[in-house]
file model.txt (compact mmCIF, C-alpha atoms)
# COMPACT_ATOMS: atom_id res chain seq x y z
CA MET A 46 49.27 78.71 137.31
CA LEU A 47 49.95 80.13 133.86
CA SER A 48 49.80 78.00 130.76
CA PHE A 49 53.12 77.65 128.97
CA THR A 50 51.59 79.39 125.95
CA ASP A 51 50.70 82.47 128.04
CA ALA A 52 54.09 82.34 129.75
CA THR A 53 55.81 82.38 126.36
CA ALA A 54 53.81 85.40 125.23
CA LYS A 55 54.68 87.32 128.41
CA TYR A 56 58.36 86.43 128.10
CA LEU A 57 58.58 87.51 124.44
CA SER A 58 56.82 90.79 125.23
CA TYR A 59 59.25 91.53 128.07
CA ALA A 60 62.56 90.22 126.73
CA GLN A 61 62.16 91.06 123.02
CA PRO A 62 64.78 88.45 122.04
CA GLY A 63 66.30 87.89 118.62
CA TRP A 64 64.50 86.13 115.82
CA THR A 65 66.12 82.77 116.48
CA ASP A 66 64.89 82.71 120.07
CA ILE A 67 61.46 83.92 118.96
CA SER A 68 61.14 81.01 116.55
CA TYR A 69 62.32 78.56 119.23
CA ALA A 70 59.85 79.99 121.76
CA GLU A 71 56.93 79.76 119.32
CA ASP A 72 57.81 76.17 118.49
CA LEU A 73 58.01 75.28 122.19
CA ALA A 74 54.64 76.93 122.83
CA ASP A 75 53.18 74.75 120.11
CA ALA A 76 54.83 71.62 121.51
CA PHE A 77 53.67 72.30 125.08
CA GLN A 78 50.23 73.56 124.10
CA GLY A 79 47.67 72.89 126.84
CA LEU A 80 50.27 72.43 129.57
CA ARG A 81 50.86 74.65 132.59
CA VAL A 82 54.28 76.02 133.47
CA ASP A 83 54.60 73.65 136.43
CA GLN A 84 53.95 70.70 134.11
CA ILE A 85 57.13 71.32 132.11
CA THR A 86 59.22 68.71 133.90
CA PRO A 87 62.61 67.14 133.02
CA ASP A 88 60.86 63.94 131.92
CA ARG A 89 58.51 65.85 129.67
CA TRP A 90 61.45 67.75 128.16
CA VAL A 91 63.34 64.50 127.44
CA ASN A 92 60.23 63.04 125.82
CA LEU A 93 59.93 66.14 123.63
CA ARG A 94 63.59 65.90 122.67
CA ILE A 95 63.04 62.30 121.51
CA SER A 96 59.69 62.77 119.78
CA ARG A 97 60.17 66.18 118.18
CA TYR A 98 63.86 67.06 118.06
CA SER A 99 65.61 63.72 117.47
CA HIS A 100 66.67 64.85 113.98
CA LEU A 101 68.45 67.94 115.31
CA ALA A 102 72.03 68.28 116.49
CA ASP A 103 72.52 68.29 120.26
CA VAL A 104 73.81 71.87 120.18
CA THR A 105 70.58 72.99 118.48
CA VAL A 106 68.46 71.10 121.00
CA ASN A 107 70.41 72.76 123.81
CA ARG A 108 69.63 76.17 122.32
CA ARG A 109 65.93 75.32 122.41
CA ARG A 110 66.32 74.05 125.95
CA ASP A 111 67.99 77.35 126.92
CA THR A 112 65.07 79.30 125.45
CA CYS A 113 62.60 77.11 127.36
CA SER A 114 64.55 77.62 130.59
CA GLN A 115 64.60 81.39 130.05
CA ILE A 116 60.81 81.39 129.75
CA LEU A 117 60.38 79.27 132.89
CA ASN A 118 62.90 81.29 134.91
CA PHE A 119 61.28 84.57 133.85
CA ILE A 120 57.88 83.35 135.08
CA ALA A 121 59.40 82.01 138.31
CA LYS A 122 61.05 85.34 139.03
CA THR A 123 58.00 87.39 138.05
CA TYR A 124 55.39 85.37 139.94
CA GLY A 125 57.48 83.81 142.69
CA CYS A 126 56.67 80.25 141.70
CA LYS A 127 58.84 77.15 141.35
CA VAL A 128 59.81 75.69 137.96
CA SER A 129 61.81 72.64 136.94
CA LYS A 130 65.43 72.73 135.84
CA LEU A 131 65.68 71.08 132.44
CA PRO A 132 68.58 68.73 131.61
CA LYS A 133 71.22 69.90 129.17
CA TYR A 134 73.15 67.58 126.89
CA LYS A 135 76.89 67.64 127.40
CA ILE A 136 78.61 68.02 124.06
CA GLU A 137 82.23 67.21 123.41
CA ASP A 138 83.23 68.55 119.99
CA PRO A 139 86.98 68.52 119.28
CA GLU A 140 86.41 70.63 116.14
CA ARG A 141 84.59 73.36 118.01
CA VAL A 142 86.12 76.78 117.28
CA VAL A 143 85.28 79.62 119.65
CA PHE A 144 87.77 82.22 118.45
CA LEU A 145 89.68 82.96 115.27
CA GLU A 146 93.27 83.93 114.63
CA VAL A 147 93.60 87.61 113.74
CA LYS A 148 94.26 87.06 110.03
CA LYS A 149 91.31 84.67 109.73
CA ALA A 150 89.04 87.05 111.64
CA HIS A 151 89.85 89.85 109.18
CA GLU A 152 89.13 87.52 106.26
CA VAL A 153 85.76 86.52 107.72
CA LEU A 154 84.69 90.08 108.57
CA ASN A 155 85.57 91.26 105.06
CA CYS A 156 83.30 88.60 103.58
CA TYR A 157 80.13 89.93 105.17
CA PRO A 158 78.11 92.18 102.83
CA ASP A 159 78.66 95.92 103.17
CA GLU A 160 75.20 96.43 104.71
CA ALA A 161 76.13 94.18 107.66
CA GLN A 162 79.82 95.12 108.12
CA GLY A 163 79.17 97.44 111.06
CA PHE A 164 76.93 94.93 112.80
CA PHE A 165 79.46 92.08 112.74
CA THR A 166 82.42 94.35 113.46
CA ALA A 167 80.63 95.48 116.64
CA LEU A 168 80.33 91.84 117.71
CA ALA A 169 84.01 91.15 117.06
CA TYR A 170 85.57 94.34 118.41
CA ASN A 171 83.18 95.41 121.17
CA GLY A 172 81.88 92.00 122.22
CA LEU A 173 78.24 92.94 121.77
CA ARG A 174 75.56 90.28 121.88
CA LYS A 175 73.56 89.93 118.66
CA ASN A 176 70.41 91.42 120.15
CA GLU A 177 72.34 94.33 121.68
CA ALA A 178 73.87 95.24 118.31
CA ARG A 179 70.47 94.89 116.67
CA LEU A 180 68.65 97.27 119.03
CA ILE A 181 71.27 99.89 120.00
CA LYS A 182 69.99 103.40 119.27
CA ARG A 183 71.67 106.73 118.49
CA THR A 184 70.70 108.07 121.90
CA MET A 185 72.97 105.44 123.49
CA VAL A 186 76.06 106.84 121.76
CA ASN A 187 77.95 109.80 123.21
CA GLY A 188 81.10 110.60 121.24
CA ASN A 189 83.31 107.52 121.35
CA ARG A 190 81.38 105.84 124.16
CA LEU A 191 78.37 103.53 124.18
CA THR A 192 75.83 103.18 126.97
CA ILE A 193 73.94 99.89 127.03
CA PRO A 194 70.95 99.99 129.42
CA LYS A 195 70.01 97.07 131.64
CA ASN A 196 66.84 96.24 129.73
CA LEU A 197 68.85 95.58 126.57
CA THR A 198 71.32 93.11 128.03
CA LYS A 199 70.93 89.40 128.69
CA GLN A 200 72.20 89.64 132.27
CA SER A 201 70.63 93.05 133.03
CA VAL A 202 74.03 94.69 133.53
CA TYR A 203 74.31 98.40 132.72
CA ARG A 204 77.55 99.32 131.00
CA ASN A 205 79.18 102.42 129.60
CA ILE A 206 82.09 101.40 127.40
CA PRO A 207 84.48 102.89 124.83
CA ILE A 208 83.73 102.10 121.19
CA HIS A 209 86.55 100.47 119.22
CA PRO A 210 87.84 102.73 116.40
CA LYS A 211 87.02 100.08 113.77
CA VAL A 212 83.43 100.05 115.00
CA GLN A 213 83.17 103.86 115.09
CA LYS A 214 83.96 104.05 111.37
CA LEU A 215 81.00 101.79 110.51
CA MET A 216 78.28 103.26 112.70
CA PHE A 217 75.14 104.93 111.31
CA PRO A 218 75.16 103.46 107.78
CA VAL A 219 71.60 104.79 107.34
CA ALA A 220 71.73 108.53 108.01
CA ASP A 221 68.16 109.08 109.23
CA SER A 222 67.80 105.85 111.22
CA ASP A 223 67.34 105.80 115.00
CA TYR A 224 69.54 102.71 115.15
CA VAL A 225 73.33 102.44 115.12
CA PHE A 226 73.62 99.22 113.09
CA PRO A 227 70.32 98.97 111.19
CA ALA A 228 69.23 97.05 108.14
CA PRO A 229 69.21 99.04 104.86
CA ASP A 230 65.63 100.20 105.54
CA GLY A 231 66.76 101.86 108.77
CA GLU A 232 64.92 99.39 111.01
CA PRO A 233 66.46 96.67 113.23
CA TRP A 234 67.48 93.50 111.43
CA ARG A 235 64.56 91.08 111.35
CA ALA A 236 63.27 87.96 109.63
CA THR A 237 63.80 87.31 105.94
CA PRO A 238 61.35 88.99 103.53
CA ASN A 239 59.70 85.66 102.69
CA GLY A 240 58.49 85.31 106.25
CA GLY A 241 61.04 82.75 107.41
CA SER A 242 62.21 82.59 111.02
CA VAL A 243 65.91 82.90 110.08
CA SER A 244 67.08 86.49 110.21
CA ARG A 245 69.05 88.18 107.46
CA ILE A 246 71.97 88.33 109.87
CA ASP A 247 71.83 84.55 110.37
CA TYR A 248 71.61 84.10 106.60
CA PHE A 249 74.69 86.27 105.99
CA HIS A 250 76.67 84.42 108.64
CA SER A 251 75.70 81.02 107.25
CA LYS A 252 77.01 81.99 103.79
CA VAL A 253 80.26 83.38 105.21
CA ARG A 254 80.87 80.26 107.31
CA LYS A 255 80.79 78.15 104.15
CA GLN A 256 82.83 80.64 102.15
CA CYS A 257 85.55 80.88 104.80
CA ASN A 258 85.41 77.23 105.87
CA ILE A 259 84.50 77.83 109.52
CA PRO A 260 81.48 75.49 109.84
CA HIS A 261 81.56 75.34 113.65
CA PHE A 262 81.82 79.10 114.26
CA ARG A 263 78.48 80.57 115.41
CA ILE A 264 77.47 84.23 115.48
CA HIS A 265 77.68 84.23 119.29
CA ASP A 266 81.26 82.96 119.00
CA TRP A 267 82.29 86.48 118.00
CA ARG A 268 81.73 87.25 121.68
CA HIS A 269 84.06 84.38 122.64
CA HIS A 270 86.52 85.69 120.03
CA PHE A 271 86.36 89.17 121.55
CA ALA A 272 86.93 87.87 125.08
CA SER A 273 89.80 85.61 124.08
CA HIS A 274 91.69 88.32 122.21
CA ILE A 275 91.19 90.86 125.01
CA MET A 276 92.95 88.41 127.35
CA MET A 277 95.66 87.46 124.83
CA ASN A 278 96.42 91.16 124.32
CA GLY A 279 97.15 91.82 127.98
CA GLY A 280 93.66 92.40 129.35
CA ASN A 281 92.56 91.13 132.73
CA LEU A 282 89.32 89.60 133.98
CA LYS A 283 88.14 92.85 135.61
CA VAL A 284 88.55 94.77 132.34
CA LEU A 285 86.89 92.01 130.33
CA LYS A 286 83.99 91.76 132.78
CA THR A 287 83.39 95.52 132.47
CA LEU A 288 83.59 95.60 128.67
CA GLY A 289 81.42 92.52 128.13
CA GLY A 290 78.80 93.16 130.78
CA TRP A 291 79.12 89.87 132.64
CA LYS A 292 77.79 89.66 136.19
CA ASP A 293 80.46 87.42 137.67
CA THR A 294 83.97 86.14 137.02
CA LYS A 295 82.73 82.58 136.47
CA SER A 296 80.75 83.73 133.44
CA VAL A 297 83.76 85.59 132.08
CA MET A 298 85.96 82.52 132.39
CA ARG A 299 83.60 80.52 130.18
CA TYR A 300 84.16 82.99 127.35
CA ALA A 301 87.89 83.67 127.48
CA ASN A 302 89.81 80.92 125.66
CA ILE A 303 93.54 81.07 125.06
CA GLY A 304 95.28 79.83 121.92
CA ASP A 305 98.23 77.40 121.95
CA ALA A 306 100.47 79.91 120.18
CA HIS A 307 99.79 82.50 122.88
CA ILE A 308 100.49 79.96 125.64
CA THR A 309 103.84 79.10 124.03
CA HIS A 310 104.70 82.78 123.50
CA THR A 311 103.89 83.58 127.12
CA LEU A 312 106.08 80.72 128.37
CA ASN A 313 108.99 81.73 126.15
CA LYS A 314 108.92 85.28 127.58
CA LEU A 315 110.33 83.89 130.84
CA LYS A 316 114.01 84.83 131.19

call {"tool": "encode", "arguments": {"input": "model.txt", "output": "structure tokens"}}
result
Amino acid sequence: MLSFTDATAKYLSYAQPGWTDISYAEDLADAFQGLRVDQITPDRWVNLRISRYSHLADVTVNRRRDTCSQILNFIAKTYGCKVSKLPKYKIEDPERVVFLEVKKAHEVLNCYPDEAQGFFTALAYNGLRKNEARLIKRTMVNGNRLTIPKNLTKQSVYRNIPIHPKVQKLMFPVADSDYVFPAPDGEPWRATPNGGSVSRIDYFHSKVRKQCNIPHFRIHDWRHHFASHIMMNGGNLKVLKTLGGWKDTKSVMRYANIGDAHITHTLNKLK
């Protein structure tokens, strides 16, 4: 049976996740050093949460748990072995915001620096995952359509989708780069120059959250925002599933939230 350290290395080599997940995975490998994959049990995870992560918010611990589960599930699928299912903390946060009103969304997008405008606009208007936007190449663009291969998506779902006009205007900010939404040096966005594990993209978003007073709005919530506004603008679950690259309707339903104003407007349309 593989050690968790070796399992982590194999997962990172295969999945090539974003910098946040890389830092989480490396920290987990350090915490579980010397243990085999089959020794990562629910009890051991709870003990780690208490001894190592007690100072962190539950949502942050759950992100680390998700990364750990992805590593275990990857090994289970690759080698046909059994792994434990780790417990997840249920979080009830009444202030949690998963989509923005249109005016607020425009305000937030305009606050990102010019070098990252295309990147964040692609998240908001095409529902891309952060790692998809980071690694999309020129060869995946054909006119006004974008092809996202299976190996680039979280759920391994191939999709060929139209590109929103707002996104089209901001593509290829670096003329000779192979990437569609690169950093100013033409390479994919990566860790900060000082060697920290927080990416420049995370840094930009953190500043904008404070500036625009949206402390509970995460980068991934742009995907929730996208899904919610597709539905509130007359879309249906089949369309949303195709655009977002979800495998099943249950997954789609977790992302599409509907605002109170839209609910009232829809009711008042009845004659």

call {"tool": "atom_distance", "arguments": {"input": "model.txt", "atom1": "CA of Thr112 in chain A", "atom2": "CA of Thr192 in chain A"}}
result
26.2 Å

call {"tool": "atom_distance", "arguments": {"input": "model.txt", "atom1": "CA of Arg179 in chain A", "atom2": "CA of Phe119 in chain A"}}
result
22.0 Å

call {"tool": "residues_around", "arguments": {"input": "model.txt", "residues": "range 200-209 of chain A", "least_positions_apart": "6", "cutoff": "12 Å", "atoms": "only C-alpha atoms", "output": "compact mmCIF listing (two decimals) with C-alpha atoms, keeping the file's coordinate frame"}}
result
# COMPACT_ATOMS: atom_id res chain seq x y z
CA ALA A 60 62.56 90.22 126.73
CA GLN A 115 64.60 81.39 130.05
CA GLY A 163 79.17 97.44 111.06
CA THR A 166 82.42 94.35 113.46
CA ALA A 167 80.63 95.48 116.64
CA LEU A 168 80.33 91.84 117.71
CA ALA A 169 84.01 91.15 117.06
CA TYR A 170 85.57 94.34 118.41
CA ASN A 171 83.18 95.41 121.17
CA GLY A 172 81.88 92.00 122.22
CA LEU A 173 78.24 92.94 121.77
CA ARG A 174 75.56 90.28 121.88
CA GLU A 177 72.34 94.33 121.68
CA MET A 185 72.97 105.44 123.49
CA VAL A 186 76.06 106.84 121.76
CA ASN A 187 77.95 109.80 123.21
CA GLY A 188 81.10 110.60 121.24
CA ASN A 189 83.31 107.52 121.35
CA ARG A 190 81.38 105.84 124.16
CA LEU A 191 78.37 103.53 124.18
CA THR A 192 75.83 103.18 126.97
CA ILE A 193 73.94 99.89 127.03
CA PRO A 194 70.95 99.99 129.42
CA LEU A 215 81.00 101.79 110.51
CA MET A 216 78.28 103.26 112.70
CA PHE A 271 86.36 89.17 121.55
CA VAL A 284 88.55 94.77 132.34
CA LEU A 285 86.89 92.01 130.33
CA LYS A 286 83.99 91.76 132.78
CA THR A 287 83.39 95.52 132.47
CA LEU A 288 83.59 95.60 128.67
CA GLY A 289 81.42 92.52 128.13
CA GLY A 290 78.80 93.16 130.78
CA TRP A 291 79.12 89.87 132.64
CA LYS A 292 77.79 89.66 136.19
CA ASP A 293 80.46 87.42 137.67
CA SER A 296 80.75 83.73 133.44

call {"tool": "atom_distance", "arguments": {"input": "model.txt", "atom1": "CA of Asn281 in chain A", "atom2": "CA of Phe165 in chain A"}}
result
23.9 Å

call {"tool": "residues_around", "arguments": {"input": "model.txt", "residues": "range 125-134 of chain A", "least_positions_apart": "2", "cutoff": "10 Å", "atoms": "only C-alpha atoms", "output": "PyMOL selection string"}}
result
chain A and resi 46+82-91+103-104+106-108+110-111+113-114+117-123+136-137

call {"tool": "closest_atom_pairs", "arguments": {"input": "model.txt", "of": "range 98-195 of chain A", "to": "range 250-260 of chain A", "cutoff": "12 Å", "atoms": "only C-alpha atoms", "output": "CSV"}}
result
residue,atom,partner,partner_atom,distance
A:Glu140,CA,A:Pro260,CA,9.4
A:Arg141,CA,A:Pro260,CA,9.0
A:Val142,CA,A:Ile259,CA,8.0
A:Val143,CA,A:Ile259,CA,10.3
A:Phe144,CA,A:Ile259,CA,10.5
A:Leu145,CA,A:Ile259,CA,9.3
A:Glu146,CA,A:Ile259,CA,11.8
A:Lys148,CA,A:Cys257,CA,11.9
A:Lys149,CA,A:Cys257,CA,8.5
A:Ala150,CA,A:Cys257,CA,9.9
A:His151,CA,A:Cys257,CA,10.9
A:Glu152,CA,A:Cys257,CA,7.7
A:Val153,CA,A:Cys257,CA,6.4
A:Leu154,CA,A:Val253,CA,8.7
A:Asn155,CA,A:Val253,CA,9.5
A:Cys156,CA,A:Val253,CA,6.3
A:Tyr157,CA,A:Val253,CA,6.6
A:Pro158,CA,A:Val253,CA,9.4
A:Ala161,CA,A:His250,CA,9.8
A:Gln162,CA,A:His250,CA,11.2
A:Phe164,CA,A:His250,CA,11.3
A:Phe165,CA,A:His250,CA,9.1
A:Lys175,CA,A:His250,CA,11.9

call {"tool": "closest_residue", "arguments": {"input": "model.txt", "among": "A:Lys182, A:Arg109, A:Lys55, A:Arg81", "to": "Arg94 in chain A", "atoms": "only C-alpha atoms"}}
result
A:Arg109

call {"tool": "decode", "arguments": {"input": "model.txt", "residues": "range 282-304 of chain A", "atoms": "N, CA and C atoms", "output": "mmCIF file, in the first residue's frame"}}
result
data_model
loop_
_atom_site.group_PDB
_atom_site.id
_atom_site.type_symbol
_atom_site.label_atom_id
_atom_site.label_comp_id
_atom_site.auth_asym_id
_atom_site.auth_seq_id
_atom_site.Cartn_x
_atom_site.Cartn_y
_atom_site.Cartn_z
ATOM 1 N N LEU A 282 -31.860 23.821 -16.579
ATOM 2 C CA LEU A 282 -30.806 22.984 -16.008
ATOM 3 C C LEU A 282 -29.969 22.280 -17.080
ATOM 4 N N LYS A 283 -30.596 21.901 -18.193
ATOM 5 C CA LYS A 283 -29.854 21.231 -19.261
ATOM 6 C C LYS A 283 -28.822 22.174 -19.867
ATOM 7 N N VAL A 284 -29.234 23.421 -20.114
ATOM 8 C CA VAL A 284 -28.318 24.425 -20.663
ATOM 9 C C VAL A 284 -27.177 24.686 -19.685
ATOM 10 N N LEU A 285 -27.534 24.886 -18.418
ATOM 11 C CA LEU A 285 -26.528 25.181 -17.400
ATOM 12 C C LEU A 285 -25.548 24.024 -17.240
ATOM 13 N N LYS A 286 -26.050 22.810 -17.252
ATOM 14 C CA LYS A 286 -25.200 21.621 -17.128
ATOM 15 C C LYS A 286 -24.193 21.557 -18.273
ATOM 16 N N THR A 287 -24.636 21.894 -19.483
ATOM 17 C CA THR A 287 -23.759 21.880 -20.660
ATOM 18 C C THR A 287 -22.699 22.969 -20.573
ATOM 19 N N LEU A 288 -23.109 24.178 -20.205
ATOM 20 C CA LEU A 288 -22.176 25.300 -20.141
ATOM 21 C C LEU A 288 -21.138 25.118 -19.034
ATOM 22 N N GLY A 289 -21.575 24.604 -17.886
ATOM 23 C CA GLY A 289 -20.688 24.504 -16.726
ATOM 24 C C GLY A 289 -19.890 23.229 -16.635
ATOM 25 N N GLY A 290 -20.264 22.221 -17.419
ATOM 26 C CA GLY A 290 -19.510 20.971 -17.402
ATOM 27 C C GLY A 290 -19.756 20.114 -16.179
ATOM 28 N N TRP A 291 -21.001 20.128 -15.670
ATOM 29 C CA TRP A 291 -21.329 19.262 -14.541
ATOM 30 C C TRP A 291 -21.777 17.901 -15.051
ATOM 31 N N LYS A 292 -21.491 16.860 -14.296
ATOM 32 C CA LYS A 292 -21.843 15.505 -14.717
ATOM 33 C C LYS A 292 -23.322 15.194 -14.531
ATOM 34 N N ASP A 293 -23.911 15.706 -13.464
ATOM 35 C CA ASP A 293 -25.293 15.340 -13.170
ATOM 36 C C ASP A 293 -26.085 16.553 -12.680
ATOM 37 N N THR A 294 -27.387 16.403 -12.714
ATOM 38 C CA THR A 294 -28.294 17.500 -12.329
ATOM 39 C C THR A 294 -28.149 17.858 -10.859
ATOM 40 N N LYS A 295 -27.867 16.871 -10.016
ATOM 41 C CA LYS A 295 -27.716 17.130 -8.583
ATOM 42 C C LYS A 295 -26.596 18.131 -8.336
ATOM 43 N N SER A 296 -25.493 17.980 -9.060
ATOM 44 C CA SER A 296 -24.372 18.906 -8.925
ATOM 45 C C SER A 296 -24.768 20.309 -9.367
ATOM 46 N N VAL A 297 -25.518 20.385 -10.446
ATOM 47 C CA VAL A 297 -25.965 21.682 -10.961
ATOM 48 C C VAL A 297 -26.833 22.399 -9.927
ATOM 49 N N MET A 298 -27.717 21.646 -9.295
ATOM 50 C CA MET A 298 -28.647 22.240 -8.338
ATOM 51 C C MET A 298 -27.928 22.858 -7.146
ATOM 52 N N ARG A 299 -26.766 22.329 -6.796
ATOM 53 C CA ARG A 299 -26.008 22.889 -5.681
ATOM 54 C C ARG A 299 -25.451 24.262 -6.015
ATOM 55 N N TYR A 300 -25.305 24.555 -7.304
ATOM 56 C CA TYR A 300 -24.681 25.808 -7.718
ATOM 57 C C TYR A 300 -25.683 26.902 -8.036
ATOM 58 N N ALA A 301 -26.852 26.545 -8.509
ATOM 59 C CA ALA A 301 -27.821 27.546 -8.951
ATOM 60 C C ALA A 301 -28.678 28.023 -7.792
ATOM 61 N N ASN A 302 -28.427 29.230 -7.316
ATOM 62 C CA ASN A 302 -29.213 29.855 -6.257
ATOM 63 C C ASN A 302 -30.048 30.981 -6.868
ATOM 64 N N ILE A 303 -31.212 31.194 -6.307
ATOM 65 C CA ILE A 303 -32.130 32.185 -6.857
ATOM 66 C C ILE A 303 -32.362 33.295 -5.833
ATOM 67 N N GLY A 304 -32.271 34.540 -6.280
ATOM 68 C CA GLY A 304 -32.448 35.676 -5.392
ATOM 69 C C GLY A 304 -33.909 35.950 -5.054
#
